[in-house]
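Notes for the one structure printed next.
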Amino acid sequence: MTAVTTTPTPPNVASGEPPAVRRRRRLSPGRRLPAARLAGRRLPAARLAGPLLVLAAWAIASAAGRLDPAAIPAPWTVLRTLGRLWTDGTLPTDVLTSLRRAAYGFTIGLTAGVLLALVSGLSRTGEALIDGTVQLNRAIPTLGLIPLFILWLGIGETFKVAIIAIVVYVPVYLNTHAALAGIDSRYVELAEVQGLSRLGFVRQVVIPGALPGFFVGLRLGVTGSWLGLVVLEQINATSGLGYLMFQAQNYGRTDTILVGLLIYGVFGLVSDSAVRLIERRVLSWRRTLSS
């Protein structure tokens, strides 16, 4: 139901008519849905409604026999497999390996994306040298670079980290550079009138103006690191969640594949929620549609 507010109009005294009521439609999304509390902090529980609905539909369809257990095992079968893999020590080792690879690649990609965006956004020479190269890199499918990187860096960990770094740095650069280019020139003129130094200009004008775009790129980079990882860990790997899923494919273990996908999904949801929480705290001064 759409909330409305009413605004009375002045009555027509001469005719004795009652005041007319003008309806004003509220266009905002409305109040936030209830959030769960844990350790005194509000958690975005409403965002879990969609995944929980999918999980409930999956469980109901499995219990009713509508799904082939060999193709899509029931949720409780997947949970039993997860517990077995965790107990025998296979899953903890693979999870830690995947987290390490993703962390290394993400850190390198994030640092490169931010530095390149600053150089390109604050210097015409830097923009001429960097922006076109990044746009060319963006047009080339990153996963298509895997054969070339294997020839250059070998089939060990280095090429996996390098591919993840490329997947991360591109969205971070694009969104941060776009935010820098969108800073109002009047703020630049005001900083010049105030006599700000280069460092003061970056701290007081550039960083606040680029933060919204940076967080958009950060969220895309976090998601991209997991998407790249699931592919890379199936290429000449001996550990990791992708390797676990690849081995399960060879033996037709659909439940193990779903365990890997479930863990990837949890990692992606948790990391994205963490970035959103940081963004909300850092940009609490903004009045936006979502707030």
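By convention here, the chains of the structure tokens are called A, B, ... in the order presented, each chain's residues are numbered starting at 1, and ligands are numbered starting at 1 in the order presented.
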
**OP:** Pull the strand (DSSP E or B) assignments for stretch 26-238 of chain A out of DSSP run on the backbone, and list those residues as a ChimeraX atom specification.
**Re:** /A:36-38,41-43

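For the choices A:Val167, A:Leu174, A:Leu143, A:Leu261, the atom-to-atom distance to A:Asp131 is smallest for A:Leu174 when using only C-alpha atoms.
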
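Of the listed residues (A:Leu218, A:Leu211, A:Val230, A:Val172), A:Leu218 comes nearest to A:Val275; the distances count only C-alpha atoms.
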
Original post:
Excluding same-chain residues fewer than 4 positions from stretch 234-247 of chain A, what lies within 8 Å of it counting only C-alpha atoms, as number ranges by chain?
Top reply: A: 91, 93-98, 155-156, 229-230, 251, 256-257, 260

Write a file of the just-selected residues containing N, CA and C atoms, as a short mmCIF file (atom, residue, chain, number, x, y, z; two decimals), in the first residue's frame.
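Once everything was written out, this is selection-v6.cif:
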```cif
data_model
loop_
_atom_site.label_atom_id
_atom_site.label_comp_id
_atom_site.auth_asym_id
_atom_site.auth_seq_id
_atom_site.Cartn_x
_atom_site.Cartn_y
_atom_site.Cartn_z
N LEU A 91 37.77 -29.93 4.06
CA LEU A 91 37.17 -28.62 3.79
C LEU A 91 37.94 -27.47 4.44
N THR A 93 41.10 -27.07 5.02
CA THR A 93 42.31 -26.79 4.24
C THR A 93 41.97 -26.09 2.93
N ASP A 94 40.94 -26.56 2.25
CA ASP A 94 40.57 -25.95 0.97
C ASP A 94 40.03 -24.54 1.17
N VAL A 95 39.28 -24.31 2.23
CA VAL A 95 38.74 -22.98 2.49
C VAL A 95 39.87 -21.99 2.77
N LEU A 96 40.82 -22.37 3.60
CA LEU A 96 41.94 -21.48 3.91
C LEU A 96 42.77 -21.17 2.66
N THR A 97 42.97 -22.17 1.82
CA THR A 97 43.72 -21.95 0.58
C THR A 97 43.00 -20.95 -0.32
N SER A 98 41.69 -21.11 -0.47
CA SER A 98 40.92 -20.19 -1.31
C SER A 98 40.92 -18.78 -0.73
N ILE A 155 52.25 -22.39 -13.93
CA ILE A 155 50.94 -22.89 -13.53
C ILE A 155 50.81 -22.94 -12.01
N GLY A 156 51.65 -22.21 -11.31
CA GLY A 156 51.59 -22.18 -9.85
C GLY A 156 50.60 -21.14 -9.34
N LEU A 229 38.09 -16.73 -8.78
CA LEU A 229 38.70 -17.81 -8.01
C LEU A 229 38.08 -19.16 -8.35
N VAL A 230 36.76 -19.20 -8.52
CA VAL A 230 36.10 -20.48 -8.77
C VAL A 230 36.55 -21.09 -10.09
N TYR A 251 33.76 -37.54 -10.10
CA TYR A 251 33.15 -38.70 -9.46
C TYR A 251 31.62 -38.58 -9.37
N THR A 256 28.78 -32.56 -3.15
CA THR A 256 30.04 -31.86 -2.87
C THR A 256 30.16 -30.59 -3.70
N ILE A 257 29.70 -30.64 -4.95
CA ILE A 257 29.72 -29.43 -5.79
C ILE A 257 28.84 -28.36 -5.17
N GLY A 260 30.57 -26.63 -2.29
CA GLY A 260 31.48 -25.59 -2.74
C GLY A 260 30.76 -24.34 -3.17
#
```

**OP:** Find, counting only C-alpha atoms, the residue in A:Val170, A:Leu283, A:Ala191, A:Ala74 that gets nearest to A:Pro212.
**Re:** A:Leu283

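Relative to atom CA of A:Asp184, atom CA of A:Ser120 is found at 16.9 Å.
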
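If you count only C-alpha atoms and ignore residues fewer than 5 places along the chain from A:Gly83, what sits within 12 Å of it is A:Trp76, A:Thr77, A:Val78, A:Asp88, A:Gly89, A:Thr90, A:Leu91, A:Pro92, A:Asp255, A:Thr256, A:Val259.
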